[in-house]
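coords-v3.txt (compact mmCIF, C-alpha atoms)
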# COMPACT_ATOMS: atom_id res chain seq x y z
CA MET A 50 222.56 218.07 116.33
CA GLN A 51 223.57 220.09 119.37
CA ILE A 52 226.35 222.68 119.12
CA ASN A 53 227.23 223.92 122.57
CA GLY A 54 228.53 227.35 123.43
CA GLU A 55 229.31 229.04 126.71
CA TRP A 56 229.02 232.30 128.59
CA LEU A 57 232.40 234.05 128.49
CA VAL A 58 233.63 237.10 130.36
CA CYS A 59 234.49 239.82 127.84
CA ASP A 60 236.86 242.79 128.12
CA ASP A 61 234.28 244.99 129.81
CA GLY A 62 233.45 242.38 132.44
CA VAL A 63 230.16 241.58 130.74
CA VAL A 64 229.37 237.90 130.26
CA ARG A 65 228.25 237.18 126.69
CA PRO A 66 227.10 234.08 124.78
CA VAL A 67 229.89 232.67 122.68
CA ILE A 68 230.21 229.65 120.43
CA ARG A 69 233.76 228.67 119.63
CA GLY A 70 234.63 227.15 116.29
CA GLU A 71 237.33 227.16 113.66
CA VAL A 72 237.54 228.77 110.24
CA LEU A 73 239.59 227.46 107.34
CA ALA A 74 242.53 229.69 106.38
CA THR A 75 244.09 229.98 102.95
CA ASN A 76 247.03 227.78 103.95
CA GLY A 77 244.73 224.91 104.93
CA ALA A 78 245.03 225.48 108.68
CA TRP A 79 241.96 225.90 110.84
CA VAL A 80 241.97 229.16 112.80
CA PRO A 81 240.26 229.06 116.20
CA VAL A 82 237.50 231.66 116.42
CA PRO A 83 235.31 232.71 119.33
CA PHE A 84 231.98 233.85 117.84
CA LEU A 85 229.58 236.10 119.65
CA LEU A 86 226.18 234.48 119.27
CA ASP A 87 224.10 237.43 118.05
CA THR A 88 220.50 236.59 117.25
CA GLY A 89 220.02 240.10 115.80
CA ALA A 90 222.86 239.89 113.30
CA ASP A 91 221.79 239.13 109.75
CA ARG A 92 225.16 237.75 108.78
CA THR A 93 228.20 236.04 110.20
CA VAL A 94 231.09 238.50 110.24
CA PHE A 95 234.76 238.05 111.02
CA SER A 96 236.75 240.58 113.02
CA VAL A 97 239.93 242.12 111.63
CA ALA A 98 242.07 239.96 113.89
CA ILE A 99 240.50 236.78 112.54
CA LEU A 100 240.61 238.04 108.96
CA THR A 101 244.34 238.58 109.42
CA ALA A 102 244.83 235.05 110.72
CA LEU A 103 242.93 233.64 107.73
CA SER A 104 245.35 235.51 105.42
CA PRO A 105 243.07 235.22 102.40
CA HIS A 106 244.63 235.61 98.95
CA ALA A 107 241.44 236.78 97.28
CA LEU A 108 239.06 239.25 98.81
CA SER A 109 236.20 240.96 97.09
CA ALA A 110 234.48 244.11 98.23
CA SER A 111 231.23 243.27 99.90
CA GLU A 112 228.11 245.10 100.87
CA ARG A 113 228.30 247.59 103.68
CA LEU A 114 226.97 246.35 106.99
CA SER A 115 225.03 248.64 109.25
CA GLY A 116 224.71 248.78 112.98
CA LEU A 117 224.06 251.36 115.65
CA GLY A 118 227.12 253.41 114.69
CA GLY A 119 226.25 253.61 110.98
CA SER A 120 227.60 251.46 108.20
CA VAL A 121 231.06 249.97 107.79
CA ARG A 122 232.97 248.64 104.81
CA THR A 123 233.45 244.90 104.58
CA VAL A 124 235.20 242.38 102.40
CA SER A 125 233.88 239.00 101.36
CA LEU A 126 235.71 235.69 101.36
CA GLU A 127 234.77 232.13 100.52
CA THR A 128 235.68 229.74 103.29
CA ARG A 129 234.37 227.14 105.69
CA GLY A 130 233.62 227.39 109.40
CA ARG A 131 233.27 224.33 111.59
CA PHE A 132 231.85 223.61 115.02
CA SER A 133 231.85 220.71 117.45
CA HIS A 134 228.62 218.93 118.15
CA GLU A 135 227.63 215.95 120.23
CA GLU A 136 229.97 213.00 120.56
CA SER A 137 232.92 215.21 119.49
CA ARG A 138 231.76 215.27 115.89
CA LYS A 139 232.18 218.28 113.62
CA VAL A 140 229.91 220.10 111.24
CA ALA A 141 231.09 222.65 108.70
CA PHE A 142 229.36 225.57 107.01
CA ARG A 143 230.68 226.50 103.58
CA GLY A 144 229.91 229.79 101.92
CA ALA A 145 230.76 233.45 101.46
CA TYR A 146 231.35 235.37 104.66
CA ALA A 147 231.87 239.04 105.41
CA ALA A 148 234.79 240.47 107.32
CA ILE A 149 235.23 243.89 108.85
CA THR A 150 238.30 245.90 107.90
CA ASP A 151 238.27 248.44 110.75
CA LEU A 152 239.87 247.12 113.94
CA GLU A 153 237.70 249.24 116.25
CA ALA A 154 234.43 248.43 114.48
CA LEU A 155 234.13 244.88 115.74
CA ASP A 156 236.23 243.30 118.48
CA MET A 157 234.72 239.83 118.26
CA SER A 158 233.54 237.83 115.26
CA VAL A 159 229.77 237.44 115.12
CA LEU A 160 227.75 234.32 114.41
CA GLY A 161 224.73 235.59 112.51
CA ARG A 162 221.47 234.28 111.17
CA ASP A 163 222.93 233.03 107.90
CA ILE A 164 224.02 230.09 110.08
CA THR A 165 221.83 230.27 113.16
CA ASN A 166 218.59 230.25 111.12
CA LEU A 167 219.35 226.60 110.47
CA PHE A 168 218.89 225.88 114.18
CA ALA A 169 216.84 226.57 117.24
CA VAL A 170 219.00 228.96 119.26
CA VAL A 171 219.06 228.70 123.05
CA VAL A 172 220.62 231.66 124.89
CA ASP A 173 219.75 231.12 128.53
CA ARG A 174 221.77 233.10 131.07
CA PRO A 175 219.90 231.95 134.20
CA GLY A 176 220.22 228.35 133.07
CA ASN A 177 223.82 228.86 131.91
CA VAL A 178 223.04 227.39 128.48
CA VAL A 179 224.19 228.49 125.04
CA CYS A 180 223.49 226.08 122.21
CA LEU A 181 222.23 225.52 118.70
CA LEU A 182 219.77 222.67 118.21
CA GLY A 183 218.88 221.06 114.92
CA GLN A 184 217.93 217.85 113.14
CA ARG A 185 216.99 215.28 115.80
CA HIS A 186 217.56 217.63 118.76
CA GLN A 187 214.77 219.82 120.07
CA TYR A 188 213.98 221.79 123.21
CA MET A 189 210.86 221.81 125.33
CA ILE A 190 209.37 224.63 127.43
CA VAL A 191 207.84 223.40 130.67
CA GLN A 192 206.05 225.18 133.49
CA ARG A 193 207.18 224.15 136.97
CA MET B 1174 234.92 213.00 103.33
CA TYR B 1175 232.00 215.41 103.50
CA GLU B 1176 228.34 214.57 103.34
CA ASP B 1177 226.31 217.50 102.08
CA ILE B 1178 223.12 218.28 103.93
CA PRO B 1179 220.76 220.33 101.74
CA VAL B 1180 219.87 223.73 103.09
CA THR B 1181 216.97 225.45 101.40
CA GLU B 1182 216.45 228.54 103.53
CA LYS B 1183 216.99 231.79 101.59
CA PRO B 1184 218.73 234.18 101.24
CA THR B 1185 221.69 232.37 102.78
CA GLN B 1186 224.09 230.54 100.52
CA ILE B 1187 225.59 228.43 103.26
CA VAL B 1188 226.04 224.70 102.80
CA MET B 1189 226.16 222.54 105.89
CA GLU B 1190 228.49 219.52 105.77
CA GLU B 1191 229.03 216.80 108.33
CA ILE B 1192 232.75 216.06 108.67
CA THR B 1193 233.28 212.32 108.67
CA ASP B 1194 236.97 211.86 107.94
CA PRO B 1195 238.44 210.18 111.09
CA GLU B 1196 241.86 211.75 110.65
CA GLU B 1197 240.45 215.25 110.31
CA LEU B 1198 238.20 214.67 113.31
CA ALA B 1199 241.12 213.52 115.46
CA LYS B 1200 243.14 216.59 114.52
CA ALA B 1201 240.15 218.81 115.17
CA ARG B 1202 239.62 217.35 118.64
CA ALA B 1203 243.27 217.90 119.56
CA GLN B 1204 243.14 221.49 118.31
CA ARG B 1205 239.94 222.09 120.21
CA ALA B 1206 241.57 220.85 123.42
CA ARG B 1207 244.35 223.40 122.97
CA PHE B 1208 241.79 226.12 122.18
CA ASP B 1209 239.93 225.15 125.38
CA ARG B 1210 243.09 225.51 127.47
CA ASN B 1211 243.98 228.93 126.05
CA THR B 1212 240.39 230.15 126.45
CA ALA B 1213 240.34 228.96 130.06
CA TRP B 1214 243.63 230.75 130.70
CA LEU B 1215 242.21 234.04 129.40
CA GLN B 1216 238.99 233.64 131.38
CA ALA B 1217 241.02 233.04 134.54
CA HIS B 1218 243.15 236.14 133.89
CA ALA B 1219 240.46 238.36 132.32
CA ALA B 1220 240.39 240.88 135.18
CA GLU B 1221 244.10 241.63 134.82
CA VAL B 1222 244.56 241.29 131.04
CA TYR B 1223 241.62 243.25 129.61
CA PRO B 1224 242.01 246.55 131.52
CA ARG B 1225 245.77 246.61 131.03
CA TYR B 1226 245.85 246.12 127.27
CA ARG B 1227 243.04 248.27 125.89
CA GLY B 1228 243.60 249.15 122.25
CA LYS B 1229 245.99 246.20 121.82
CA CYS B 1230 245.83 242.86 120.07
CA ILE B 1231 246.32 239.88 122.33
CA CYS B 1232 246.96 236.24 121.61
CA ILE B 1233 247.03 233.40 124.11
CA ALA B 1234 249.12 230.44 122.96
CA GLY B 1235 250.63 227.75 125.13
CA GLU B 1236 248.64 229.34 127.97
CA GLU B 1237 250.91 232.38 127.65
CA LEU B 1238 249.88 235.94 126.84
CA PHE B 1239 251.31 237.87 123.89
CA VAL B 1240 250.52 241.53 123.20
CA ALA B 1241 251.16 243.74 120.16
CA GLU B 1242 249.75 246.66 118.22
CA THR B 1243 248.44 244.65 115.27
CA PRO B 1244 247.03 241.16 114.66
CA GLU B 1245 249.97 240.35 112.36
CA GLU B 1246 252.50 241.24 115.06
CA VAL B 1247 250.82 239.38 117.87
CA LEU B 1248 250.31 236.26 115.75
CA ALA B 1249 253.98 236.30 114.80
CA LEU B 1250 255.01 236.54 118.45
CA ALA B 1251 252.70 233.75 119.56
CA GLN B 1252 253.54 231.40 116.70
CA SER B 1253 257.24 231.99 117.15
CA ALA B 1254 257.06 231.02 120.82
CA HIS B 1255 254.54 228.17 120.38
CA PRO B 1256 254.69 226.99 116.79
CA ASP B 1257 252.76 223.81 117.58
CA ASP B 1258 249.86 225.49 119.34
CA ASP B 1259 247.15 225.82 116.71
CA GLY B 1260 244.55 226.45 119.43
CA PHE B 1261 245.52 230.06 120.05
CA PHE B 1262 242.99 232.64 121.23
CA LEU B 1263 243.35 235.82 119.14
CA HIS B 1264 241.49 238.97 120.11
CA TYR B 1265 241.48 242.74 119.86
CA ILE B 1266 240.61 244.65 123.04
CA PRO B 1267 238.60 247.79 122.23
CA ARG B 1268 240.03 251.10 123.41
CA GLU B 1269 236.88 252.04 125.21
CA LYS B 1270 234.79 250.10 127.66
CA LEU B 1271 231.28 250.68 126.34
CA ALA B 1272 227.99 248.84 126.32
CA ARG B 1273 227.71 247.17 122.93
CA ILE B 1274 225.05 246.42 120.37
CA TYR B 1275 226.54 244.11 117.81
CA ALA B 1276 223.68 243.45 115.39
CA ASN B 1277 224.83 243.95 111.80
Conversion result in structure tokens:
Amino acid sequence: MQINGEWLVCDDGVVRPVIRGEVLATNGAWVPVPFLLDTGADRTVFSVAILTALSPHALSASERLSGLGGSVRTVSLETRGRFSHEESRKVAFRGAYAAITDLEALDMSVLGRDITNLFAVVVDRPGNVVCLLGQRHQYMIVQR
Amino acid sequence: MYEDIPVTEKPTQIVMEEITDPEELAKARAQRARFDRNTAWLQAHAAEVYPRYRGKCICIAGEELFVAETPEEVLALAQSAHPDDDGFFLHYIPREKLARIYAN
């Protein structure tokens, strides 16, 4: 399985690794979500903007998440995220996800290790590659 | 419709499922194509959009920019103008341009 991402220009002009997917909203629609691929993040977290688009009926208070600026309050929701992989197929990840409730705390949703630990993660700026590799797909390091 | 693939790694409670329903896959591909177009539009206009709308919520739908104070407002604007575009790109632009460490 190979889930491809891309390097996208963000608001500050910095190019960051992003994997775009969709998350299932309460009304059954899939909401498009650009995820920052963050190998240091323990969990996948939705931004306030995406949480709003998901319009969940039921939210439960979740653990606080900590980062450089201290800890922030989050809510937890059960949903499913999906991503494209080779041959235009789709894979979904079902579970409980955290979402931030402070607009300034997180501008972009984060793809964390609750999902990425299932894959080999390739974040290669010089080679212009962002991807998750699993199952029958592998990578090889060669010396030229 | 879904084939569960067992995931044993702890402490995650995420279940990975391959989507096999042809109708759902066709819809997903069409939505992804619209998402691609709106993402490409924003990337092409990033230098003008991001500095101008700091502290605002933006949404690209139908390859058109919408701006508002809140996610609810900007979604309403975008979906009113392009009700069939389910590939919108929704984003909040931080007030300050700072180097970021995201790890949570």
Can you write out as a tab-separated table which residues of range 90-169 of chain A fall within 7 Å of range 1189-1195 of chain B, alongside each residue's closest atom pair and its distance in Å to one decimal, counting all atoms listed in the file and ordering rows by chain and ascending residue number?
residue	atom	partner	partner_atom	distance
A:Lys139	CA	B:Ile1192	CA	5.5
A:Val140	CA	B:Glu1191	CA	4.5
A:Ala141	CA	B:Glu1190	CA	5.0
A:Phe142	CA	B:Met1189	CA	4.5
A:Arg143	CA	B:Met1189	CA	6.4
Would you kindly report the residues of chain B within 7 Å of chain A, using only C-alpha atoms, as a CSV table (one decimal) with C-alpha atoms, in the frame of the given file?
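Writing the result to selection23.csv gives the following:
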chain,number,residue,atom,x,y,z
B,1185,THR,CA,221.7,232.4,102.8
B,1186,GLN,CA,224.1,230.5,100.5
B,1187,ILE,CA,225.6,228.4,103.3
B,1188,VAL,CA,226.0,224.7,102.8
B,1189,MET,CA,226.2,222.5,105.9
B,1190,GLU,CA,228.5,219.5,105.8
B,1191,GLU,CA,229.0,216.8,108.3
B,1192,ILE,CA,232.8,216.1,108.7
B,1198,LEU,CA,238.2,214.7,113.3
B,1208,PHE,CA,241.8,226.1,122.2
B,1216,GLN,CA,239.0,233.6,131.4
B,1223,TYR,CA,241.6,243.2,129.6
B,1244,PRO,CA,247.0,241.2,114.7
B,1245,GLU,CA,250.0,240.4,112.4
B,1260,GLY,CA,244.6,226.4,119.4
B,1261,PHE,CA,245.5,230.1,120.0
B,1262,PHE,CA,243.0,232.6,121.2
B,1263,LEU,CA,243.4,235.8,119.1
B,1264,HIS,CA,241.5,239.0,120.1
B,1265,TYR,CA,241.5,242.7,119.9
B,1266,ILE,CA,240.6,244.6,123.0
B,1267,PRO,CA,238.6,247.8,122.2
B,1270,LYS,CA,234.8,250.1,127.7
B,1274,ILE,CA,225.0,246.4,120.4
B,1275,TYR,CA,226.5,244.1,117.8
B,1276,ALA,CA,223.7,243.4,115.4
B,1277,ASN,CA,224.8,244.0,111.8
>> Please report the interatomic distance between CA of Leu181 in chain A and CA of Phe95 in chain A in Å with one decimal.
In response: 19.3 Å
Tell me, as a CSV table (one decimal) with C-alpha atoms, in the coordinates of the input, which residues lie within 10 Å of Arg1268 in chain B, counting all atoms listed in the file; anything in the same chain fewer than 4 positions away does not count.
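Contents of part27.csv, as written:
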chain,number,residue,atom,x,y,z
A,153,GLU,CA,237.7,249.2,116.2
A,156,ASP,CA,236.2,243.3,118.5
B,1224,PRO,CA,242.0,246.6,131.5
B,1226,TYR,CA,245.8,246.1,127.3
B,1227,ARG,CA,243.0,248.3,125.9
B,1228,GLY,CA,243.6,249.2,122.2
B,1229,LYS,CA,246.0,246.2,121.8
Would you compute the box with edges along x, y and z of the file around range 1216-1231 of chain B, including every atom the file lists for it and 4 Å extra on each side, and give its centre and edge lengths in Å to one decimal, as lines of an AutoDock Vina configuration file?
center_x = 242.7
center_y = 241.1
center_z = 127.6
size_x = 15.3
size_y = 24.1
size_z = 23.1
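Coordinates place CA of Ile1233 in chain B at a distance of 12.0 Å from CA of Ala1249 in chain B.
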> At what distance in Å, to one decimal, does CA of Phe168 in chain A lie from CA of Arg185 in chain A?
Replying inline: 10.9 Å
> Which polymer residues have any atom within 10 Å of an atom of His1255 in chain B, counting all atoms listed in the file, with same-chain residues fewer than 2 positions away left out, as a PyMOL selection string?
Replying inline: chain B and resi 1233-1237+1249-1253+1257-1259+1261
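Minimum atom-to-atom distances from A:Ala147, A:Val170, A:Val191, A:Val179 to Val64 in chain A were compared using all atoms listed in the file, and the lowest value belongs to A:Val179.
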